[in-house]
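Visitor: Got a structure for you, written out below as structure tokens; questions coming shortly.
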Amino acid sequence: GIQVEQSPPDLILQEGANSTLRCNFSDSVNNLQWFHQNPWGQLINLFYIPSGTKQNGRLSATTVATERYSLLYISSSQTTDSGVYFCAVEAWSGGSNYKLTFGKGTLLTVNP
Amino acid sequence: KAGVTQTPRYLIKTRGQQVTLSCSPISGHRSVSWYQQTPGQGLQFLFEYFSETQRNKGNFPGRFSGRQFSNSRSEMNVSTLELGDSALYLCASSLLRSEDGELFFGEGSRLTVL
């Protein structure tokens with residue numbers, strides 16, 4: 001099956017710093033999403049981005065499908081940005097089936 | 001617009017018991033998929049239902065099963081619980097098939113098996 005690798009696994013920042021999270025995937029994908037998992041476990045949608053670039057406030061994301069990677073940019077980080085960020089790709093898994101495969105996540109800690 | 005609703009949020013069971021988890025998708029969404037999250041294995045796909053039919057199933061034993069009703073609500077069942085089934089179970093809904101659009105997740109059901 002498809003492999004999804006996220007880097008770095010852990011990241012510690014001071015409030016106000018910028019960061020880039022990376023997601024590499026091993027095969028063609030139908031779509032790609034970035035999520036932030038809140039302390040209660042819910043996955044909060046950040047971006048649905050199978051290709052191209054999107055921005056939402058201090059966050060932006062770019063997916064280069066032909067090169068099989070996506071980047072999540074966080075600017076002027078805040079303590080509330082802390083948590084685990086997941087990249088997930090929807091890819092063909094055989095026959096007419098597709099499934100969502102997650103990376104292992106990046107644990108971001110933003111210190112005041 | 002209500003989000004994805006999962007019940008119960010927390011539950012404790014003992015080995016050998018069975019459990020049923022419920023997921024109500026966003027109104028109008030026809031696809032529901034289930035995922036298991038554990039510290040060791042991360043987030044893993046369990047199965048997806050679309051229009052009451054199971055479309056795909058992950059690599060889990062037959063003790064894990066599910067179904068979807070005509071109103072798109074879904075349930076998953078785990079029989080003969082094992083300690084390793086302790087996990088956060090997440091449900092996601094999408095408007096069409098999962099590969100055709102964005103997925104939205106519920107808050108999860110946290111299962112502890114003693």
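Each chain in the structure tokens gets a letter, A, B and so on, in the order shown; residues start at 1 in every chain, and ligands are counted from 1 in the order they appear.
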Could you list, as an mmCIF file with N, CA, C and O atoms, in the first residue's frame, every residue of chain B that has an atom within 12 Å of an atom of chain A, counting only C-alpha atoms?
Guide:
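Writing done, so here's iface.cif:
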```
data_model
loop_
_atom_site.group_PDB
_atom_site.id
_atom_site.type_symbol
_atom_site.label_atom_id
_atom_site.label_comp_id
_atom_site.auth_asym_id
_atom_site.auth_seq_id
_atom_site.Cartn_x
_atom_site.Cartn_y
_atom_site.Cartn_z
ATOM 1 N N GLY B 3 -22.235 18.770 12.913
ATOM 2 C CA GLY B 3 -21.103 18.001 12.425
ATOM 3 C C GLY B 3 -21.359 16.518 12.558
ATOM 4 O O GLY B 3 -22.484 16.062 12.764
ATOM 5 N N VAL B 4 -20.284 15.753 12.491
ATOM 6 C CA VAL B 4 -20.363 14.308 12.668
ATOM 7 C C VAL B 4 -20.489 14.013 14.166
ATOM 8 O O VAL B 4 -19.692 14.531 14.963
ATOM 9 N N THR B 5 -21.454 13.206 14.523
ATOM 10 C CA THR B 5 -21.713 12.903 15.931
ATOM 11 C C THR B 5 -21.435 11.441 16.217
ATOM 12 O O THR B 5 -21.975 10.562 15.546
ATOM 13 N N GLN B 6 -20.586 11.224 17.219
ATOM 14 C CA GLN B 6 -20.269 9.860 17.613
ATOM 15 C C GLN B 6 -20.723 9.624 19.046
ATOM 16 O O GLN B 6 -20.542 10.460 19.913
ATOM 17 N N ARG B 9 -19.075 8.739 23.830
ATOM 18 C CA ARG B 9 -17.766 9.369 23.748
ATOM 19 C C ARG B 9 -16.708 8.555 24.504
ATOM 20 O O ARG B 9 -15.557 8.489 24.094
ATOM 21 N N TYR B 10 -17.099 7.981 25.598
ATOM 22 C CA TYR B 10 -16.179 7.179 26.401
ATOM 23 C C TYR B 10 -16.889 5.914 26.864
ATOM 24 O O TYR B 10 -18.083 5.961 27.177
ATOM 25 N N VAL B 32 -19.631 6.985 5.064
ATOM 26 C CA VAL B 32 -19.116 6.966 6.435
ATOM 27 C C VAL B 32 -17.945 5.993 6.480
ATOM 28 O O VAL B 32 -18.051 4.864 6.005
ATOM 29 N N SER B 33 -16.839 6.448 7.039
ATOM 30 C CA SER B 33 -15.691 5.562 7.196
ATOM 31 C C SER B 33 -15.250 5.584 8.652
ATOM 32 O O SER B 33 -15.487 6.557 9.371
ATOM 33 N N TRP B 34 -14.604 4.503 9.071
ATOM 34 C CA TRP B 34 -14.196 4.326 10.456
ATOM 35 C C TRP B 34 -12.685 4.118 10.522
ATOM 36 O O TRP B 34 -12.096 3.466 9.651
ATOM 37 N N TYR B 35 -12.098 4.634 11.608
ATOM 38 C CA TYR B 35 -10.652 4.546 11.809
ATOM 39 C C TYR B 35 -10.377 4.237 13.271
ATOM 40 O O TYR B 35 -11.121 4.648 14.156
ATOM 41 N N GLN B 36 -9.277 3.515 13.491
ATOM 42 C CA GLN B 36 -8.818 3.219 14.842
ATOM 43 C C GLN B 36 -7.511 3.950 15.077
ATOM 44 O O GLN B 36 -6.609 3.915 14.234
ATOM 45 N N GLN B 37 -7.401 4.609 16.218
ATOM 46 C CA GLN B 37 -6.148 5.289 16.560
ATOM 47 C C GLN B 37 -5.599 4.723 17.858
ATOM 48 O O GLN B 37 -6.267 4.755 18.899
ATOM 49 N N THR B 38 -4.373 4.212 17.800
ATOM 50 C CA THR B 38 -3.659 3.736 18.977
ATOM 51 C C THR B 38 -2.272 4.351 18.985
ATOM 52 O O THR B 38 -1.756 4.734 17.933
ATOM 53 N N PRO B 39 -1.651 4.467 20.168
ATOM 54 C CA PRO B 39 -0.304 5.048 20.222
ATOM 55 C C PRO B 39 0.703 4.258 19.386
ATOM 56 O O PRO B 39 1.597 4.842 18.782
ATOM 57 N N GLY B 40 0.549 2.957 19.321
ATOM 58 C CA GLY B 40 1.530 2.145 18.613
ATOM 59 C C GLY B 40 1.345 2.103 17.112
ATOM 60 O O GLY B 40 2.313 2.136 16.354
ATOM 61 N N GLN B 41 0.118 2.030 16.663
ATOM 62 C CA GLN B 41 -0.169 1.856 15.240
ATOM 63 C C GLN B 41 -0.634 3.122 14.544
ATOM 64 O O GLN B 41 -0.768 3.138 13.317
ATOM 65 N N GLY B 42 -0.890 4.181 15.305
ATOM 66 C CA GLY B 42 -1.370 5.406 14.687
ATOM 67 C C GLY B 42 -2.808 5.270 14.219
ATOM 68 O O GLY B 42 -3.592 4.513 14.790
ATOM 69 N N LEU B 43 -3.131 6.005 13.173
ATOM 70 C CA LEU B 43 -4.489 6.003 12.631
ATOM 71 C C LEU B 43 -4.585 4.988 11.505
ATOM 72 O O LEU B 43 -3.868 5.077 10.515
ATOM 73 N N GLN B 44 -5.507 4.038 11.662
ATOM 74 C CA GLN B 44 -5.655 2.984 10.664
ATOM 75 C C GLN B 44 -7.093 2.890 10.191
ATOM 76 O O GLN B 44 -8.027 2.961 10.990
ATOM 77 N N PHE B 45 -7.255 2.673 8.895
ATOM 78 C CA PHE B 45 -8.560 2.547 8.264
ATOM 79 C C PHE B 45 -9.204 1.213 8.639
ATOM 80 O O PHE B 45 -8.568 0.162 8.543
ATOM 81 N N LEU B 46 -10.472 1.297 9.044
ATOM 82 C CA LEU B 46 -11.226 0.089 9.372
ATOM 83 C C LEU B 46 -12.125 -0.321 8.207
ATOM 84 O O LEU B 46 -11.989 -1.406 7.665
ATOM 85 N N PHE B 47 -13.079 0.521 7.866
ATOM 86 C CA PHE B 47 -13.947 0.257 6.718
ATOM 87 C C PHE B 47 -14.707 1.516 6.315
ATOM 88 O O PHE B 47 -14.753 2.493 7.046
ATOM 89 N N GLU B 48 -15.257 1.456 5.091
ATOM 90 C CA GLU B 48 -16.059 2.549 4.572
ATOM 91 C C GLU B 48 -17.394 2.001 4.089
ATOM 92 O O GLU B 48 -17.456 0.929 3.474
ATOM 93 N N TYR B 49 -18.448 2.762 4.363
ATOM 94 C CA TYR B 49 -19.782 2.439 3.886
ATOM 95 C C TYR B 49 -20.300 3.576 3.022
ATOM 96 O O TYR B 49 -20.096 4.755 3.338
ATOM 97 N N PHE B 50 -20.956 3.193 1.937
ATOM 98 C CA PHE B 50 -21.560 4.168 1.034
ATOM 99 C C PHE B 50 -22.882 3.594 0.576
ATOM 100 O O PHE B 50 -22.918 2.490 0.042
ATOM 101 N N GLN B 54 -20.784 -1.847 2.205
ATOM 102 C CA GLN B 54 -19.378 -1.734 2.574
ATOM 103 C C GLN B 54 -18.538 -1.718 1.311
ATOM 104 O O GLN B 54 -18.549 -2.662 0.517
ATOM 105 N N ARG B 55 -17.759 -0.661 1.144
ATOM 106 C CA ARG B 55 -16.978 -0.504 -0.080
ATOM 107 C C ARG B 55 -15.577 -1.071 0.077
ATOM 108 O O ARG B 55 -14.979 -1.524 -0.885
ATOM 109 N N ASN B 56 -15.065 -0.964 1.278
ATOM 110 C CA ASN B 56 -13.670 -1.323 1.466
ATOM 111 C C ASN B 56 -13.461 -1.659 2.931
ATOM 112 O O ASN B 56 -14.187 -1.142 3.800
ATOM 113 N N LYS B 57 -12.488 -2.501 3.200
ATOM 114 C CA LYS B 57 -12.224 -2.907 4.573
ATOM 115 C C LYS B 57 -10.726 -2.944 4.785
ATOM 116 O O LYS B 57 -9.970 -3.388 3.907
ATOM 117 N N GLY B 58 -10.282 -2.481 5.928
ATOM 118 C CA GLY B 58 -8.868 -2.508 6.259
ATOM 119 C C GLY B 58 -8.457 -3.860 6.798
ATOM 120 O O GLY B 58 -9.244 -4.808 6.831
ATOM 121 N N ASN B 59 -7.206 -3.946 7.228
ATOM 122 C CA ASN B 59 -6.649 -5.216 7.704
ATOM 123 C C ASN B 59 -6.955 -5.442 9.175
ATOM 124 O O ASN B 59 -6.069 -5.356 10.023
ATOM 125 N N ALA B 87 -8.637 1.867 22.254
ATOM 126 C CA ALA B 87 -8.253 2.827 21.210
ATOM 127 C C ALA B 87 -9.271 3.945 21.140
ATOM 128 O O ALA B 87 -10.336 3.885 21.757
ATOM 129 N N LEU B 88 -8.911 4.948 20.356
ATOM 130 C CA LEU B 88 -9.865 5.988 19.973
ATOM 131 C C LEU B 88 -10.416 5.583 18.609
ATOM 132 O O LEU B 88 -9.639 5.362 17.673
ATOM 133 N N TYR B 89 -11.717 5.455 18.510
ATOM 134 C CA TYR B 89 -12.361 5.086 17.248
ATOM 135 C C TYR B 89 -12.989 6.344 16.650
ATOM 136 O O TYR B 89 -13.848 6.987 17.277
ATOM 137 N N LEU B 90 -12.549 6.666 15.449
ATOM 138 C CA LEU B 90 -12.997 7.885 14.787
ATOM 139 C C LEU B 90 -13.833 7.544 13.568
ATOM 140 O O LEU B 90 -13.530 6.604 12.831
ATOM 141 N N CYS B 91 -14.860 8.321 13.382
ATOM 142 C CA CYS B 91 -15.745 8.170 12.244
ATOM 143 C C CYS B 91 -15.637 9.428 11.392
ATOM 144 O O CYS B 91 -15.482 10.538 11.932
ATOM 145 N N ALA B 92 -15.700 9.263 10.077
ATOM 146 C CA ALA B 92 -15.656 10.402 9.172
ATOM 147 C C ALA B 92 -16.778 10.282 8.160
ATOM 148 O O ALA B 92 -17.151 9.174 7.765
ATOM 149 N N ARG B 97 -18.483 9.409 -2.313
ATOM 150 C CA ARG B 97 -17.496 8.410 -1.906
ATOM 151 C C ARG B 97 -16.270 9.114 -1.347
ATOM 152 O O ARG B 97 -15.972 10.237 -1.705
ATOM 153 N N SER B 98 -15.548 8.444 -0.477
ATOM 154 C CA SER B 98 -14.453 9.095 0.255
ATOM 155 C C SER B 98 -13.401 9.664 -0.679
ATOM 156 O O SER B 98 -12.793 10.683 -0.379
ATOM 157 N N GLU B 99 -13.184 9.024 -1.834
ATOM 158 C CA GLU B 99 -12.139 9.504 -2.730
ATOM 159 C C GLU B 99 -12.579 10.717 -3.538
ATOM 160 O O GLU B 99 -11.767 11.320 -4.239
ATOM 161 N N ASP B 100 -13.848 11.072 -3.450
ATOM 162 C CA ASP B 100 -14.368 12.161 -4.266
ATOM 163 C C ASP B 100 -14.420 13.496 -3.547
ATOM 164 O O ASP B 100 -14.848 14.484 -4.152
ATOM 165 N N GLY B 101 -14.067 13.545 -2.286
ATOM 166 C CA GLY B 101 -14.170 14.824 -1.606
ATOM 167 C C GLY B 101 -13.611 14.817 -0.207
ATOM 168 O O GLY B 101 -13.017 13.850 0.250
ATOM 169 N N GLU B 102 -13.831 15.915 0.465
ATOM 170 C CA GLU B 102 -13.279 16.144 1.786
ATOM 171 C C GLU B 102 -13.975 15.286 2.840
ATOM 172 O O GLU B 102 -15.191 15.081 2.792
ATOM 173 N N LEU B 103 -13.189 14.800 3.797
ATOM 174 C CA LEU B 103 -13.720 14.022 4.909
ATOM 175 C C LEU B 103 -13.792 14.889 6.150
ATOM 176 O O LEU B 103 -12.896 15.702 6.411
ATOM 177 N N PHE B 104 -14.849 14.690 6.925
ATOM 178 C CA PHE B 104 -15.059 15.422 8.172
ATOM 179 C C PHE B 104 -15.198 14.404 9.295
ATOM 180 O O PHE B 104 -15.991 13.463 9.199
ATOM 181 N N PHE B 105 -14.447 14.638 10.375
ATOM 182 C CA PHE B 105 -14.390 13.671 11.453
ATOM 183 C C PHE B 105 -15.219 14.077 12.664
ATOM 184 O O PHE B 105 -15.385 15.268 12.959
ATOM 185 N N GLY B 106 -15.708 13.077 13.359
ATOM 186 C CA GLY B 106 -16.352 13.276 14.641
ATOM 187 C C GLY B 106 -15.328 13.375 15.752
ATOM 188 O O GLY B 106 -14.115 13.321 15.515
ATOM 189 N N GLU B 107 -15.814 13.497 16.979
ATOM 190 C CA GLU B 107 -14.931 13.658 18.142
ATOM 191 C C GLU B 107 -14.380 12.332 18.630
ATOM 192 O O GLU B 107 -13.482 12.315 19.468
ATOM 193 N N GLY B 108 -14.913 11.235 18.138
ATOM 194 C CA GLY B 108 -14.377 9.930 18.485
ATOM 195 C C GLY B 108 -15.045 9.280 19.674
ATOM 196 O O GLY B 108 -15.705 9.939 20.491
ATOM 197 N N SER B 109 -14.878 7.976 19.748
ATOM 198 C CA SER B 109 -15.323 7.178 20.899
ATOM 199 C C SER B 109 -14.077 6.531 21.483
ATOM 200 O O SER B 109 -13.382 5.786 20.790
ATOM 201 N N ARG B 110 -13.818 6.843 22.746
ATOM 202 C CA ARG B 110 -12.620 6.296 23.384
ATOM 203 C C ARG B 110 -12.985 5.052 24.166
ATOM 204 O O ARG B 110 -13.695 5.128 25.166
#
```
Visitor: Excluding same-chain residues fewer than 3 positions from Thr7 in chain B, what lies within 7 Å of it counting only C-alpha atoms, as a PyMOL selection string?
Guide: chain B and resi 21-23+109
Visitor: If you count only C-alpha atoms, which residues fall within 9 Å of Asn56 in chain A, apart from same-chain ones fewer than 3 positions away, as a ChimeraX atom specification?
Guide: /A:46-47,59-61
Visitor: If I take CA of Thr14 in chain B and CA of Leu114 in chain B, how far is one from the other in Å, to one decimal?
Guide: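 Between CA of Thr14 in chain B and CA of Leu114 in chain B the gap is 4.6 Å.
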Visitor: What's the separation between CA of Asn24 in chain A and CA of Val84 in chain A, in Å to one decimal place?
Guide: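 It comes out at 16.8 Å.
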Visitor: Just the strand (DSSP E or B) stuff from chain A, please, per backbone DSSP, written as a PyMOL selection string.
Guide: chain A and resi 4-7+10-14+19-25+31-37+43-48+52-56+59-64+69-74+83-94+97-102+106-111
Visitor: Can you list, as a VMD selection string, every protein, DNA or RNA residue that comes within 10 Å of Thr112 in chain B when you count only C-alpha atoms, leaving out same-chain residues fewer than 6 positions away?
Guide: chain B and resid 10 to 15 81 to 88
Visitor: If you count only C-alpha atoms, which residues fall within 6 Å of range 74-81 of chain A, apart from same-chain ones fewer than 6 positions away, as number ranges by chain?
Guide: A: 15-19, 58-59, 110
Visitor: Write the residues of the preceding selection, restricted to C-alpha atoms, as a PDB file, in the first residue's frame.
Guide:
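Written file, result_19.pdb:
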```pdb
ATOM      1  CA  GLU A  15       5.601  31.787  19.956  1.00  0.00           C
ATOM      2  CA  GLY A  16       5.823  33.953  16.859  1.00  0.00           C
ATOM      3  CA  ALA A  17       8.107  31.631  14.915  1.00  0.00           C
ATOM      4  CA  ASN A  18       7.307  30.174  11.508  1.00  0.00           C
ATOM      5  CA  SER A  19       7.419  26.479  10.603  1.00  0.00           C
ATOM      6  CA  ARG A  58      -1.738  32.135   9.247  1.00  0.00           C
ATOM      7  CA  LEU A  59      -1.794  28.690   7.666  1.00  0.00           C
ATOM      8  CA  VAL A 110       4.639  26.166  20.760  1.00  0.00           C
TER       9      VAL A 110
END
```
Visitor: I'd like the neighbourhood of Glu75 in chain B as a JSON list (two decimals) with C-alpha atoms, in the first residue's frame, where a residue qualifies if any of its atoms comes within 9 Å (using only C-alpha atoms), though same-chain residues fewer than 2 positions away should be ignored.
Guide:
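Just written: part.json:
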```
[["chain", "number", "residue", "atom", "x", "y", "z"],
["B", 20, "THR", "CA", -21.29, -1.09, 19.47],
["B", 21, "LEU", "CA", -20.32, 2.44, 18.46],
["B", 22, "SER", "CA", -22.57, 4.82, 16.57],
["B", 23, "CYS", "CA", -21.85, 7.54, 14.04],
["B", 24, "SER", "CA", -24.27, 10.07, 12.61],
["B", 65, "SER", "CA", -17.81, -5.29, 11.69],
["B", 66, "GLY", "CA", -20.09, -2.48, 10.73],
["B", 67, "ARG", "CA", -23.19, -1.46, 8.92],
["B", 68, "GLN", "CA", -24.89, 1.58, 7.52],
["B", 69, "PHE", "CA", -28.57, 2.38, 7.66],
["B", 73, "ARG", "CA", -26.04, 6.57, 10.14],
["B", 77, "ASN", "CA", -19.28, -3.52, 16.37]]
```
Visitor: Out of chain B, which residues get helix (DSSP H, G or I) from DSSP, as a VMD selection string?
Guide: chain B and resid 83 to 85 98 to 100
Visitor: Please report the interatomic distance between CA of Ser26 in chain A and CA of Leu95 in chain B in Å with one decimal.
Guide: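 Rounded to one decimal, the two atoms are 26.7 Å apart.
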